[in-house]
Amino acid sequence: MCELIFYNARAITMNPAQPLAQLVAIRGKKIFAVGDNSALSGFPKRGSRVIDCGGKTLLPGFIDAHCHIYAYGENILSLSLSPRDGVLSIADIQRLIHNHSRTKRSGTWIRAKGYDEFYLAEKRHPNRWDLDRAAPAHPVKLSHRSGHAHVLNSLALKYVGISAETGDPPGGVIDRDPATGEPTGILYGMSEYLSKRVPSLDDTDLKQSIALVNRRLLSYGITSVQDASSANNRDRWQRFLSWKTQKVFLPRVTMMMGYRHFLEMIRERRELDSADSEVCITGVKIVAGQVTGSLNPGPEELTRMIAVIQQAGLQAAVHGVEVPVIEAVCDAVECLMKMCARPDPRHRIEHCSLCPPPLLKRMAKLGIYVVTQPSFIHFNGERYVKTIPAEELENIYPIGSMLRAGVRIGFSSDFPIVDPNPLVGIQAAILRRAENGVPIQPHEGIGLLDAIRLYTLGAAGAAHQESTQGSVSPGKFADLVLLNEDISRIAPEHIKDVRVQMTVLDGQIVHEEQV
């Protein structure tokens, strides 16, 4: 007996052998059959829920191949300083923090997130002294919209041990007053440093916020996520397992470990390999960049790190925004292919924001997987046009060129950096327009089917999971998304307004819109 049967659907399966279908039948946790409406008569209806889709689109469950679950939970509990919420000056930030501080006892941490200096009237980051005037009796931590910069007030700097005598940590920069050498409170590339020094949220509060994250993701049709936090360690892995066991968080979870934490856990891999397969560790995150003015880690160190990861049978997932980082990853993978070839290690570059044409062909040849964020075009496009030099803007998120060069790609949102709705990302990948309508290299746009594929089968492939997820095929996990209309018949500029009517995970309806 099939417990759930969809018929009269426009099923876009992502299965090349059967790209379209009308009927999908589910038995247990797996897809049992895919066909046309004529097959419906062959299924017993007793004990089954039979759903007439009315010609609406049925898709594989969306997969977000790069995100930060823990940070999303923290953000829900943090004060929003986003320009979307009307925060357009440092005075606005001060007012909100001051008002918030009046609801908390002295000494309690205040966390705020999402400020963007591009939209602030002062066109600069706030600093410690700005925050001191707003909440002198509370340690305050602001997170930039990118997650890669933070601002602390004087009390918070004291609590985390940063003073004029404190040196820059590896890969990070403590901004300083050029006249006095005193820290300004602005910290670049120091997320992991702060994660070890700023007190964690209360477990009960965090659990409640993760439950909200769960509901939001399911409402967007996201059935699987790949958590890419460099702060992921054994404790977080156990916390994810706990949330899964308690059904606080339902989507499938694939974790990357931070490199340092990965080294600590190598001896424990046997225990991890026997863990719940829904919280599996497939990769190791390396944060590479030029925050300090030079590549960190350096080329030789990066090659050594990827070699250690490859030897452990895992993927390296390298944060790569700038061209020198992307070149260094290509050099490292090429070197390892010559030294110790391993069939399809599928090492990844996360973001691949600025990538000129010669590097695309090289990445394709080396089998490097790119996990990128088309939603950034929508949410950040206005800033890109005004802040990135024209010669570099030509190569911003060149998704169309990547596909034409044969680069393997998976889509993601990098939430909580932007909203995780995959339909926004799909629209942005097609239209290449900023939220204000400004075009961003429109020749890099791709078609609807390719955009859907990169948020499903392509994203599954980014974690070696394409054999079980990412397409509507018999034997695969019964993870499905029913939209509220036929996405193939609407204008691309309206795709982001399409709603998820139903989400199915492991054969169970986990989200259903009330019609």
# chains A, B, ... in the order shown; residues from 1 in each chain; ligands from 1
call {"tool": "select_by_dssp", "arguments": {"residues": "region 286-425 of chain A", "states": "alpha helix (DSSP H)", "output": "PyMOL selection string"}}
result
chain A and resi 299-311+323-339+357-366+375-387+390-393+399-405+422-425
call {"tool": "residues_around", "arguments": {"residues": "region 278-287 of chain A", "least_positions_apart": "3", "cutoff": "8 Å", "atoms": "only C-alpha atoms", "output": "VMD selection string"}}
result
chain A and resid 228 to 230 237 240 to 241 252 to 259 262 272 to 273 275 309 314 to 320 463
call {"tool": "residues_around", "arguments": {"residues": "region 71-82 of chain A", "least_positions_apart": "6", "cutoff": "7 Å", "atoms": "only C-alpha atoms", "output": "JSON, numbers by chain"}}
result
{"A": [93, 111, 112, 113, 114, 115, 116, 206, 209, 210, 213, 415, 416]}
call {"tool": "residues_around", "arguments": {"residues": "Ala9 (chain A)", "least_positions_apart": "2", "cutoff": "8 Å", "atoms": "only C-alpha atoms", "output": "PyMOL selection string"}}
result
chain A and resi 6-7+11+21-23+52-58
call {"tool": "write_last_selection", "arguments": {"atoms": "N, CA and C atoms", "output": "PDB file, in the first residue's frame"}}
result
ATOM      1  N   PHE A   6       0.252  11.496  -5.094  1.00  0.00           N
ATOM      2  CA  PHE A   6      -0.024  12.760  -5.778  1.00  0.00           C
ATOM      3  C   PHE A   6      -0.357  12.447  -7.235  1.00  0.00           C
ATOM      4  N   TYR A   7      -1.410  13.048  -7.752  1.00  0.00           N
ATOM      5  CA  TYR A   7      -1.711  12.868  -9.173  1.00  0.00           C
ATOM      6  C   TYR A   7      -2.185  14.196  -9.755  1.00  0.00           C
ATOM      7  N   ALA A  11       4.864  17.364 -12.343  1.00  0.00           N
ATOM      8  CA  ALA A  11       6.048  16.987 -11.570  1.00  0.00           C
ATOM      9  C   ALA A  11       7.297  17.195 -12.421  1.00  0.00           C
ATOM     10  N   ALA A  21       6.331  14.171 -15.011  1.00  0.00           N
ATOM     11  CA  ALA A  21       5.387  13.127 -14.592  1.00  0.00           C
ATOM     12  C   ALA A  21       4.128  13.792 -14.073  1.00  0.00           C
ATOM     13  N   GLN A  22       3.084  12.986 -13.921  1.00  0.00           N
ATOM     14  CA  GLN A  22       1.818  13.466 -13.368  1.00  0.00           C
ATOM     15  C   GLN A  22       1.497  12.838 -12.018  1.00  0.00           C
ATOM     16  N   LEU A  23       2.073  11.676 -11.759  1.00  0.00           N
ATOM     17  CA  LEU A  23       1.748  10.911 -10.552  1.00  0.00           C
ATOM     18  C   LEU A  23       3.019  10.511  -9.825  1.00  0.00           C
ATOM     19  N   ASP A  52      -5.096  15.457  -5.330  1.00  0.00           N
ATOM     20  CA  ASP A  52      -5.226  16.012  -6.681  1.00  0.00           C
ATOM     21  C   ASP A  52      -4.486  17.348  -6.702  1.00  0.00           C
ATOM     22  N   CYS A  53      -3.389  17.419  -7.461  1.00  0.00           N
ATOM     23  CA  CYS A  53      -2.548  18.614  -7.475  1.00  0.00           C
ATOM     24  C   CYS A  53      -3.088  19.705  -8.389  1.00  0.00           C
ATOM     25  N   GLY A  54      -4.090  19.392  -9.184  1.00  0.00           N
ATOM     26  CA  GLY A  54      -4.714  20.423 -10.020  1.00  0.00           C
ATOM     27  C   GLY A  54      -3.758  21.085 -10.997  1.00  0.00           C
ATOM     28  N   GLY A  55      -2.763  20.346 -11.467  1.00  0.00           N
ATOM     29  CA  GLY A  55      -1.815  20.892 -12.433  1.00  0.00           C
ATOM     30  C   GLY A  55      -0.707  21.730 -11.823  1.00  0.00           C
ATOM     31  N   LYS A  56      -0.623  21.780 -10.497  1.00  0.00           N
ATOM     32  CA  LYS A  56       0.434  22.556  -9.833  1.00  0.00           C
ATOM     33  C   LYS A  56       1.761  21.805  -9.893  1.00  0.00           C
ATOM     34  N   THR A  57       2.833  22.557  -9.679  1.00  0.00           N
ATOM     35  CA  THR A  57       4.173  21.989  -9.789  1.00  0.00           C
ATOM     36  C   THR A  57       4.536  21.172  -8.547  1.00  0.00           C
ATOM     37  N   LEU A  58       5.049  19.980  -8.793  1.00  0.00           N
ATOM     38  CA  LEU A  58       5.587  19.101  -7.750  1.00  0.00           C
ATOM     39  C   LEU A  58       7.078  18.935  -8.028  1.00  0.00           C
TER      40      LEU A  58
END
call {"tool": "select_by_dssp", "arguments": {"residues": "region 332-457 of chain A", "states": "strand (DSSP E)", "output": "CSV table (one decimal) with C-alpha atoms, in the first residue's frame"}}
result
chain,number,residue,atom,x,y,z
A,348,ARG,CA,34.3,22.5,-2.8
A,349,ILE,CA,34.6,26.3,-3.2
A,350,GLU,CA,32.0,28.1,-1.1
A,351,HIS,CA,30.6,31.3,-2.7
A,369,TYR,CA,32.3,21.7,-6.9
A,370,VAL,CA,31.1,25.3,-6.5
A,371,VAL,CA,28.4,26.0,-3.9
A,372,THR,CA,27.1,29.5,-4.5
A,408,ARG,CA,29.4,21.4,-11.1
A,409,ILE,CA,27.3,23.7,-9.0
A,410,GLY,CA,25.0,23.5,-6.0
A,411,PHE,CA,22.8,26.4,-4.8
